[in-house]
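These notes concern the structure reproduced below.
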Amino acid sequence: MAVLEKIRVKFGLAASIIIAIGLLSFIIDPSELVSAVNNMSSKNDVGIIDGKAIPYTDFSESVDRYSRINEILTGSSTHSEQEQEQMRNSAWQSLIDKYLFIKNAKAAGINVGDDEVVNLTTGDMVSPIIAQQPVFFDESGKFSPDKVAEFVQNIPSDQSGNLKLFWNWLQTTVYTQSFYEKYYSLFTGSNLQNSLMKNRLVSESNTTSDVDFVMVPIPFERDTTVTVSNEEIRDFYKNHKDFFRQLASRDIEYVVYEVKPSDADIADASEKMKEAYEEFKTTDNMKTFISRNSESSFSNYWYKNGELEPINGDIDKYVFGGNVTEVSPIYEANNVFYAAKVLDTKMIPDSAYVRHILLQGTDADHLADSLVTVLSKGENFTNLVSEYSADKNSAYDGELGTIGWLTQNYMIPGFESVITSDTGKPFVLKTQYGTHVVEVVKKTAPIQKKQVAILSKTALASKETFNDYYSKANKLATLSAGKVENYKRAVDTLGLYSHVMNKITEATSSYGSIDHAKEVTRWAFSNKPGKVSNIITVDNNYFFVVAVNGAHKEGYATIQEVAPQINERLYSEKVSLRNAEKVAEKVAGLNDLQAIADTLHTTISNIPALAFASLQGASTDPKLAGAASVAPLNQVCGPVAGLIGTYYYNVKSRDTGSFFTEEDAKNQAARYENYDLQMLLPVMMQDADCKDNRARFF
């Protein structure tokens, strides 16, 4: 356990700043999981990687391993929603590496042998993955092979198995990373920019054209003489099928009833607020009173002007206004009642720049007093940190022992007093990490701040109100009787608004402003088009009745689904050409740009430095840029059937500059190469037809 604790402490106190968060379960209700599994055997698969199904149980075990590793590193068994998502992503990535990437890397002739792994973990060429682990640092804060050996020796005696788990994770990470490094080196080594490619890029980027042009926009009105045939649509679909890959999705519509407190509920909350308000004005123990009577907890936070605005604007105006009495009036907003009492007012800075010496062990308190004494006599703080501090990882601005700027919102637990402490005077404080010798080096300018007690009560829907909304939702569900045609009639009869959402995927969890509504998605994907749900309850505050209008399978969209989209694209192309034909007829025989502009009742515009390699502004039509880059000088050219209009143009001059250098070309090639590397794994996954069904479960 001492080694595990060292893992946590060695990460540095600056990385231990905590914001209180609730623990959210990332596993769906077991009854929901059983239902999903029973619907279809494949529903039990979290995904498919290169033909291998990944069952929910296997994925869950992998997530559990990453959860334990995270607990070893942080010492906390609670995980925020974001941390849970990160662990699921890590677990999924590890499976991708195991069943796809490493397999492909080996097929390319790459291998990582056992001797190589040993050398990278405990040998002469230790991987940065090992060398950067704080648990392997010595007293000076440097990586120590002896610490690695000591760690490995402790594994057999660790009854929890956590040290073995952590070491196996490190070895696996080193092993996998070696494959990535070798594969990427192989890829980049074969992806060369030859001199011809480089010179062409430099030339195109340095060549600019001064272009005058006339543009006739494509009319917005629909041209009924332009048609697109079914055969043209089929041909486009056949030749561009990859454009129409899609995830599985559903088209739904729904009515949602939000449970809101009635007038009677609001009046009842107002009365309860008035009763508590009288005691609020006179209580001697504000912390206990707030804990017992208010929905907002008591806080020692020092507020400055404007910081209470997110809670309630009237409270902020009262606290920082000119007529502050003992207790504010009762304010109401969005069915919440508020009152405030100013407890104290001080001039306090926003932040303090802090350094410390962390002491641990039985003699820590005595040593701390001694260090304060020698510091007061002028001893160098950094020297004492190097000699005595257990925290060698805090080194803000490169100064050992320096934590940096702390604020009320960015604070190490137990260090709150630094905001109000004197600068340049070391003092002792204790936290969960040990005994600290702390010095506030500097602070921001003090401003007026206030400690405020806030009493708040929310008007909640009563049981009667809750049942009333449920009854309304149940009426719609009953009239619908599970069928879409009944649902639509009931919506019309009852005068309800039905929300339409098309192409929802299994990852959809929010509907409008309503979050945590994944159960609506699960129901939609478990039912066929034409079905209507019973009441689906979300957050015990929303009642959904949902109808499924359509279903789209994963893979390629059908031609029927995308025909309108293809039709619109082909229509636009034809209209562009038709517009060019009409314009050409009007200016036939003219070779002067001004005469063309006069005939078309428009004006001449100019682009002073149009480069083919990088368009100047989003308004430049790429077809005009392409045509102008190869056009002869001082000759009226056109028509060009552009994306937004028809163009006639004259390239008046071309300039060849030197602002885009060979170094710029190399940097651009490096950016493209980096993009290619980022796309390697996604392309592998697409080629292997990998399926990520995690959204079905989480």
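Residue numbering restarts at 1 in every chain; chains get A, B, ... in the order shown in the structure tokens, and ligands count up from 1 in that same order.
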
Secondary structure check, strand (DSSP E) residues of region 519-697 of chain A, as a PyMOL selection string: chain A and resi 536-538+542-552+555-556+605-611+636-641+645-656+691-692

Keeping only N, CA and C atoms, write the selected residues to a file as a compact mmCIF listing (two decimals), in the first residue's frame.
```txt
# COMPACT_ATOMS: atom_id res chain seq x y z
N ILE A 536 -42.50 7.08 -21.80
CA ILE A 536 -41.08 6.93 -21.46
C ILE A 536 -40.72 8.08 -20.53
N THR A 537 -40.31 7.76 -19.31
CA THR A 537 -40.01 8.79 -18.31
C THR A 537 -38.52 9.11 -18.31
N VAL A 538 -38.19 10.39 -18.35
CA VAL A 538 -36.80 10.86 -18.36
C VAL A 538 -36.59 11.78 -17.17
N TYR A 542 -39.88 14.37 -17.20
CA TYR A 542 -40.38 14.49 -18.57
C TYR A 542 -41.06 13.18 -18.97
N PHE A 543 -42.23 13.30 -19.60
CA PHE A 543 -42.94 12.13 -20.11
C PHE A 543 -42.97 12.20 -21.64
N PHE A 544 -42.34 11.24 -22.27
CA PHE A 544 -42.29 11.17 -23.73
C PHE A 544 -43.29 10.14 -24.25
N VAL A 545 -43.93 10.48 -25.37
CA VAL A 545 -44.65 9.51 -26.18
C VAL A 545 -44.05 9.63 -27.58
N VAL A 546 -43.48 8.53 -28.09
CA VAL A 546 -42.62 8.57 -29.27
C VAL A 546 -43.18 7.71 -30.39
N ALA A 547 -43.12 8.24 -31.62
CA ALA A 547 -43.52 7.48 -32.81
C ALA A 547 -42.32 7.32 -33.73
N VAL A 548 -42.15 6.11 -34.28
CA VAL A 548 -41.07 5.85 -35.23
C VAL A 548 -41.63 5.97 -36.64
N ASN A 549 -41.09 6.92 -37.40
CA ASN A 549 -41.57 7.14 -38.77
C ASN A 549 -40.72 6.43 -39.82
N GLY A 550 -39.44 6.23 -39.54
CA GLY A 550 -38.57 5.61 -40.53
C GLY A 550 -37.34 5.01 -39.90
N ALA A 551 -36.73 4.05 -40.62
CA ALA A 551 -35.51 3.40 -40.15
C ALA A 551 -34.51 3.34 -41.29
N HIS A 552 -33.26 3.63 -40.98
CA HIS A 552 -32.19 3.62 -41.98
C HIS A 552 -31.09 2.67 -41.50
N GLY A 555 -24.61 1.33 -43.30
CA GLY A 555 -24.01 0.94 -44.57
C GLY A 555 -24.23 2.02 -45.60
N TYR A 556 -24.80 1.66 -46.73
CA TYR A 556 -25.08 2.64 -47.79
C TYR A 556 -26.56 3.00 -47.77
N SER A 605 -15.69 43.75 -61.38
CA SER A 605 -15.05 43.59 -60.07
C SER A 605 -13.60 43.18 -60.27
N ASN A 606 -12.81 43.25 -59.18
CA ASN A 606 -11.39 42.95 -59.31
C ASN A 606 -10.90 42.12 -58.11
N ILE A 607 -10.03 41.15 -58.41
CA ILE A 607 -9.29 40.42 -57.38
C ILE A 607 -7.82 40.72 -57.64
N PRO A 608 -7.14 41.46 -56.77
CA PRO A 608 -5.79 41.94 -57.07
C PRO A 608 -4.70 40.87 -57.00
N ALA A 609 -4.88 39.82 -56.21
CA ALA A 609 -3.80 38.83 -56.05
C ALA A 609 -4.42 37.45 -55.85
N LEU A 610 -4.96 36.92 -56.93
CA LEU A 610 -5.62 35.61 -56.87
C LEU A 610 -4.58 34.52 -57.10
N ALA A 611 -4.41 33.63 -56.10
CA ALA A 611 -3.45 32.53 -56.20
C ALA A 611 -4.20 31.22 -56.32
N VAL A 636 -9.98 38.69 -72.86
CA VAL A 636 -11.26 38.39 -72.22
C VAL A 636 -11.59 36.92 -72.44
N CYS A 637 -11.86 36.22 -71.34
CA CYS A 637 -12.14 34.79 -71.39
C CYS A 637 -13.50 34.51 -70.75
N GLY A 638 -14.11 33.41 -71.16
CA GLY A 638 -15.38 33.02 -70.59
C GLY A 638 -16.25 32.39 -71.65
N PRO A 639 -17.41 31.94 -71.27
CA PRO A 639 -17.93 31.97 -69.91
C PRO A 639 -17.40 30.81 -69.06
N VAL A 640 -17.32 31.05 -67.74
CA VAL A 640 -17.00 30.00 -66.77
C VAL A 640 -18.27 29.74 -65.96
N ALA A 641 -18.75 28.51 -66.01
CA ALA A 641 -19.95 28.13 -65.25
C ALA A 641 -19.54 27.82 -63.82
N GLY A 645 -22.38 31.55 -60.09
CA GLY A 645 -22.72 32.40 -61.21
C GLY A 645 -21.87 32.11 -62.43
N THR A 646 -22.09 32.89 -63.47
CA THR A 646 -21.32 32.77 -64.71
C THR A 646 -20.33 33.93 -64.79
N TYR A 647 -19.08 33.62 -65.19
CA TYR A 647 -18.01 34.61 -65.16
C TYR A 647 -17.44 34.85 -66.56
N TYR A 648 -17.14 36.14 -66.84
CA TYR A 648 -16.24 36.54 -67.90
C TYR A 648 -15.11 37.30 -67.20
N TYR A 649 -13.88 37.11 -67.62
CA TYR A 649 -12.76 37.67 -66.86
C TYR A 649 -11.59 38.02 -67.77
N ASN A 650 -10.71 38.85 -67.23
CA ASN A 650 -9.50 39.26 -67.94
C ASN A 650 -8.35 39.29 -66.93
N VAL A 651 -7.32 38.46 -67.17
CA VAL A 651 -6.13 38.46 -66.32
C VAL A 651 -5.21 39.57 -66.80
N LYS A 652 -5.13 40.65 -66.03
CA LYS A 652 -4.37 41.82 -66.46
C LYS A 652 -2.87 41.64 -66.28
N SER A 653 -2.47 40.91 -65.24
CA SER A 653 -1.04 40.71 -65.00
C SER A 653 -0.84 39.53 -64.06
N ARG A 654 0.40 39.01 -64.08
CA ARG A 654 0.78 37.96 -63.13
C ARG A 654 2.08 38.37 -62.47
N ASP A 655 2.15 38.11 -61.18
CA ASP A 655 3.37 38.41 -60.43
C ASP A 655 3.89 37.14 -59.78
N THR A 656 5.19 37.00 -59.79
CA THR A 656 5.84 35.87 -59.13
C THR A 656 6.63 36.41 -57.95
N LYS A 691 -17.24 -1.92 -36.39
CA LYS A 691 -18.50 -1.37 -35.93
C LYS A 691 -18.37 -1.00 -34.46
N ASP A 692 -18.67 0.23 -34.14
CA ASP A 692 -18.63 0.71 -32.77
C ASP A 692 -20.06 0.90 -32.28
```

Nearby residues (only C-alpha atoms) at most 8 Å from region 522-532 of chain A, same-chain spacing under 3 positions excluded, as an MDAnalysis selection string: chainID A and resid 36 39 249:250 252 477 480:485 487 506 518:519 545:551 696

Store the residues of this selection in a file with C-alpha atoms, as an mmCIF file, in the first residue's frame.
```cif
data_model
loop_
_atom_site.group_PDB
_atom_site.id
_atom_site.type_symbol
_atom_site.label_atom_id
_atom_site.label_comp_id
_atom_site.auth_asym_id
_atom_site.auth_seq_id
_atom_site.Cartn_x
_atom_site.Cartn_y
_atom_site.Cartn_z
ATOM 1 C CA ALA A 36 -31.603 -5.458 -25.219
ATOM 2 C CA ASN A 39 -34.208 -8.668 -28.645
ATOM 3 C CA SER A 249 -30.568 5.887 -37.723
ATOM 4 C CA ARG A 250 -34.230 6.449 -37.021
ATOM 5 C CA ILE A 252 -39.024 9.879 -35.040
ATOM 6 C CA ALA A 477 -50.390 6.952 -25.431
ATOM 7 C CA SER A 480 -52.273 6.139 -30.083
ATOM 8 C CA ALA A 481 -52.622 2.448 -29.186
ATOM 9 C CA GLY A 482 -49.105 1.774 -30.484
ATOM 10 C CA LYS A 483 -49.776 2.946 -34.081
ATOM 11 C CA VAL A 484 -48.465 6.032 -35.887
ATOM 12 C CA GLU A 485 -51.737 6.803 -37.695
ATOM 13 C CA TYR A 487 -50.785 9.048 -32.867
ATOM 14 C CA GLU A 506 -27.750 5.245 -31.259
ATOM 15 C CA LYS A 518 -31.015 7.753 -23.967
ATOM 16 C CA GLU A 519 -34.008 5.547 -23.099
ATOM 17 C CA VAL A 545 -44.653 9.510 -26.180
ATOM 18 C CA VAL A 546 -42.619 8.574 -29.273
ATOM 19 C CA ALA A 547 -43.524 7.480 -32.807
ATOM 20 C CA VAL A 548 -41.069 5.852 -35.229
ATOM 21 C CA ASN A 549 -41.569 7.141 -38.773
ATOM 22 C CA GLY A 550 -38.573 5.609 -40.531
ATOM 23 C CA ALA A 551 -35.507 3.396 -40.149
ATOM 24 C CA ARG A 696 -26.202 1.237 -27.650
#
```

So that I can see what lies close to Lys457 (chain A), please list as an mmCIF file with C-alpha atoms, in the first residue's frame the residues with an atom at most 6 Å from it, counting only C-alpha atoms and leaving out residues fewer than 3 positions away in the same chain.
```cif
data_model
loop_
_atom_site.group_PDB
_atom_site.id
_atom_site.type_symbol
_atom_site.label_atom_id
_atom_site.label_comp_id
_atom_site.auth_asym_id
_atom_site.auth_seq_id
_atom_site.Cartn_x
_atom_site.Cartn_y
_atom_site.Cartn_z
ATOM 1 C CA GLU A 295 -31.181 23.871 -1.187
ATOM 2 C CA VAL A 336 -37.035 29.354 -7.153
ATOM 3 C CA PHE A 337 -37.148 31.664 -4.112
#
```

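Distances to Asn119 (chain A) were evaluated for A:Leu590, A:Trp167, A:Glu85, A:Pro145 using only C-alpha atoms, and the minimum falls at A:Pro145.
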
Of the listed residues A:Val228, A:Ala459, A:Ile514, A:Leu375, that which approaches Val437 (chain A) most closely, counting only C-alpha atoms: A:Leu375

Exercise: region 51-54 of chain A partners within 8 Å, only C-alpha atoms, chain neighbours under 6 positions left out, as a VMD selection string: chain A and resid 45 99 688 to 690

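By chain and then residue number, the residues within 8 Å of region 581-588 of chain A are Val216, Leu577, Arg578, Asn579, Leu590, Ile596, Thr599, Leu600, Pro639 and Thr646 of chain A, counting only C-alpha atoms and disregarding those fewer than 2 positions away in sequence.
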
Mind dumping the selected residues with C-alpha atoms as a CSV table (one decimal), in the first residue's frame?
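Dumped to out.csv:
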```
chain,number,residue,atom,x,y,z
A,216,VAL,CA,-24.0,37.0,-63.4
A,577,LEU,CA,-24.4,25.4,-67.4
A,578,ARG,CA,-27.8,26.7,-68.6
A,579,ASN,CA,-27.0,30.0,-67.0
A,590,LEU,CA,-18.2,41.0,-77.6
A,596,ILE,CA,-19.9,42.7,-71.6
A,599,THR,CA,-24.8,44.4,-71.9
A,600,LEU,CA,-25.4,42.3,-68.8
A,639,PRO,CA,-17.9,32.0,-69.9
A,646,THR,CA,-21.3,32.8,-64.7
```

Spatial neighbours of Asn541 (chain A), max dist 9 Å, only C-alpha atoms, sep filter under 4 positions, as a PyMOL selection string: chain A and resi 257-260+466+537

With only C-alpha atoms as the counted atoms, please give the residues lying no more than 7 Å from Lys450 (chain A), apart from itself and same-chain residues fewer than 2 positions off, as a tab-separated table (two decimals) with N, CA and C atoms, in the first residue's frame.
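The resulting file, result-v9.tsv, is shown below:
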```tsv
chain	number	residue	atom	x	y	z
A	302	TRP	N	-15.57	33.88	-1.13
A	302	TRP	CA	-15.63	35.34	-1.14
A	302	TRP	C	-16.05	35.79	-2.54
A	303	TYR	N	-17.22	36.38	-2.65
A	303	TYR	CA	-17.77	36.79	-3.94
A	303	TYR	C	-17.35	38.22	-4.27
A	304	LYS	N	-17.09	38.44	-5.57
A	304	LYS	CA	-16.90	39.81	-6.03
A	304	LYS	C	-18.09	40.20	-6.91
A	342	VAL	N	-25.39	39.22	3.89
A	342	VAL	CA	-23.96	39.48	3.83
A	342	VAL	C	-23.36	39.23	5.21
A	344	ASP	N	-19.76	39.05	5.78
A	344	ASP	CA	-18.50	39.75	6.00
A	344	ASP	C	-18.07	40.44	4.69
A	345	THR	N	-17.29	41.49	4.82
A	345	THR	CA	-16.77	42.22	3.67
A	345	THR	C	-15.29	42.49	3.89
A	346	LYS	N	-14.46	42.18	2.87
A	346	LYS	CA	-13.02	42.41	2.98
A	346	LYS	C	-12.44	42.78	1.62
A	448	GLN	N	-12.79	44.47	-3.38
A	448	GLN	CA	-13.83	44.22	-2.38
A	448	GLN	C	-14.56	42.91	-2.69
A	452	VAL	N	-21.30	35.52	1.64
A	452	VAL	CA	-22.76	35.65	1.58
A	452	VAL	C	-23.42	34.32	1.88
```

Selected residue of minimal separation from Val520 (chain A) among A:Ile412, A:Glu253, A:Thr420, A:Met197, counting only C-alpha atoms: A:Glu253

Please return as a PDB file with C-alpha atoms, in the first residue's frame: the residues of region 505-599 of chain A that backbone DSSP assigns to alpha helix (DSSP H).
```pdb
ATOM      1  CA  LYS A 518     -31.015   7.753 -23.967  1.00  0.00           C
ATOM      2  CA  GLU A 519     -34.008   5.547 -23.099  1.00  0.00           C
ATOM      3  CA  VAL A 520     -35.986   7.306 -25.834  1.00  0.00           C
ATOM      4  CA  THR A 521     -33.246   6.372 -28.318  1.00  0.00           C
ATOM      5  CA  ARG A 522     -33.103   2.775 -27.104  1.00  0.00           C
ATOM      6  CA  TRP A 523     -36.842   2.404 -27.541  1.00  0.00           C
ATOM      7  CA  ALA A 524     -36.739   3.880 -31.063  1.00  0.00           C
ATOM      8  CA  PHE A 525     -34.016   1.458 -32.139  1.00  0.00           C
ATOM      9  CA  ILE A 559     -31.092   5.294 -53.772  1.00  0.00           C
ATOM     10  CA  GLN A 560     -34.642   6.153 -52.703  1.00  0.00           C
ATOM     11  CA  GLU A 561     -33.319   7.854 -49.562  1.00  0.00           C
ATOM     12  CA  VAL A 562     -30.723   9.982 -51.338  1.00  0.00           C
ATOM     13  CA  ALA A 563     -32.506  10.608 -54.648  1.00  0.00           C
ATOM     14  CA  PRO A 564     -33.693  14.127 -53.576  1.00  0.00           C
ATOM     15  CA  GLN A 565     -30.134  15.041 -52.571  1.00  0.00           C
ATOM     16  CA  ILE A 566     -28.661  13.750 -55.851  1.00  0.00           C
ATOM     17  CA  ASN A 567     -31.422  15.442 -57.831  1.00  0.00           C
ATOM     18  CA  GLU A 568     -30.599  18.801 -56.227  1.00  0.00           C
ATOM     19  CA  ARG A 569     -26.895  18.456 -56.962  1.00  0.00           C
ATOM     20  CA  LEU A 570     -27.389  17.492 -60.601  1.00  0.00           C
ATOM     21  CA  TYR A 571     -30.000  20.221 -61.006  1.00  0.00           C
ATOM     22  CA  SER A 572     -27.521  22.824 -59.684  1.00  0.00           C
ATOM     23  CA  GLU A 573     -24.865  21.665 -62.131  1.00  0.00           C
ATOM     24  CA  LYS A 574     -27.290  21.807 -65.049  1.00  0.00           C
ATOM     25  CA  VAL A 575     -28.618  25.220 -64.037  1.00  0.00           C
ATOM     26  CA  SER A 576     -25.048  26.521 -63.842  1.00  0.00           C
ATOM     27  CA  LEU A 577     -24.384  25.351 -67.399  1.00  0.00           C
ATOM     28  CA  ARG A 578     -27.751  26.671 -68.637  1.00  0.00           C
ATOM     29  CA  ASN A 579     -27.029  30.042 -67.045  1.00  0.00           C
ATOM     30  CA  ALA A 580     -23.647  30.129 -68.802  1.00  0.00           C
ATOM     31  CA  GLU A 581     -25.292  29.325 -72.146  1.00  0.00           C
ATOM     32  CA  LYS A 582     -27.836  32.147 -71.744  1.00  0.00           C
ATOM     33  CA  VAL A 583     -25.161  34.653 -70.749  1.00  0.00           C
ATOM     34  CA  ALA A 584     -22.968  33.597 -73.688  1.00  0.00           C
ATOM     35  CA  GLU A 585     -25.862  34.216 -76.101  1.00  0.00           C
ATOM     36  CA  LYS A 586     -26.340  37.746 -74.762  1.00  0.00           C
ATOM     37  CA  LEU A 593     -15.076  43.348 -70.555  1.00  0.00           C
ATOM     38  CA  GLN A 594     -16.723  46.745 -70.061  1.00  0.00           C
ATOM     39  CA  ALA A 595     -19.030  46.137 -73.030  1.00  0.00           C
ATOM     40  CA  ILE A 596     -19.941  42.735 -71.579  1.00  0.00           C
ATOM     41  CA  ALA A 597     -20.682  44.351 -68.203  1.00  0.00           C
ATOM     42  CA  ASP A 598     -22.875  47.009 -69.831  1.00  0.00           C
ATOM     43  CA  THR A 599     -24.771  44.419 -71.866  1.00  0.00           C
TER      44      THR A 599
END
```

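With distances restricted to only C-alpha atoms, A:Ile233 is the closest residue to Thr558 (chain A) from A:Val118, A:Ile233, A:Ala625, A:Ala149.
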
Of the listed residues A:Ile315, A:Asn634, A:Ser80, A:Ala695, that which approaches Val211 (chain A) most closely, counting only C-alpha atoms: A:Asn634
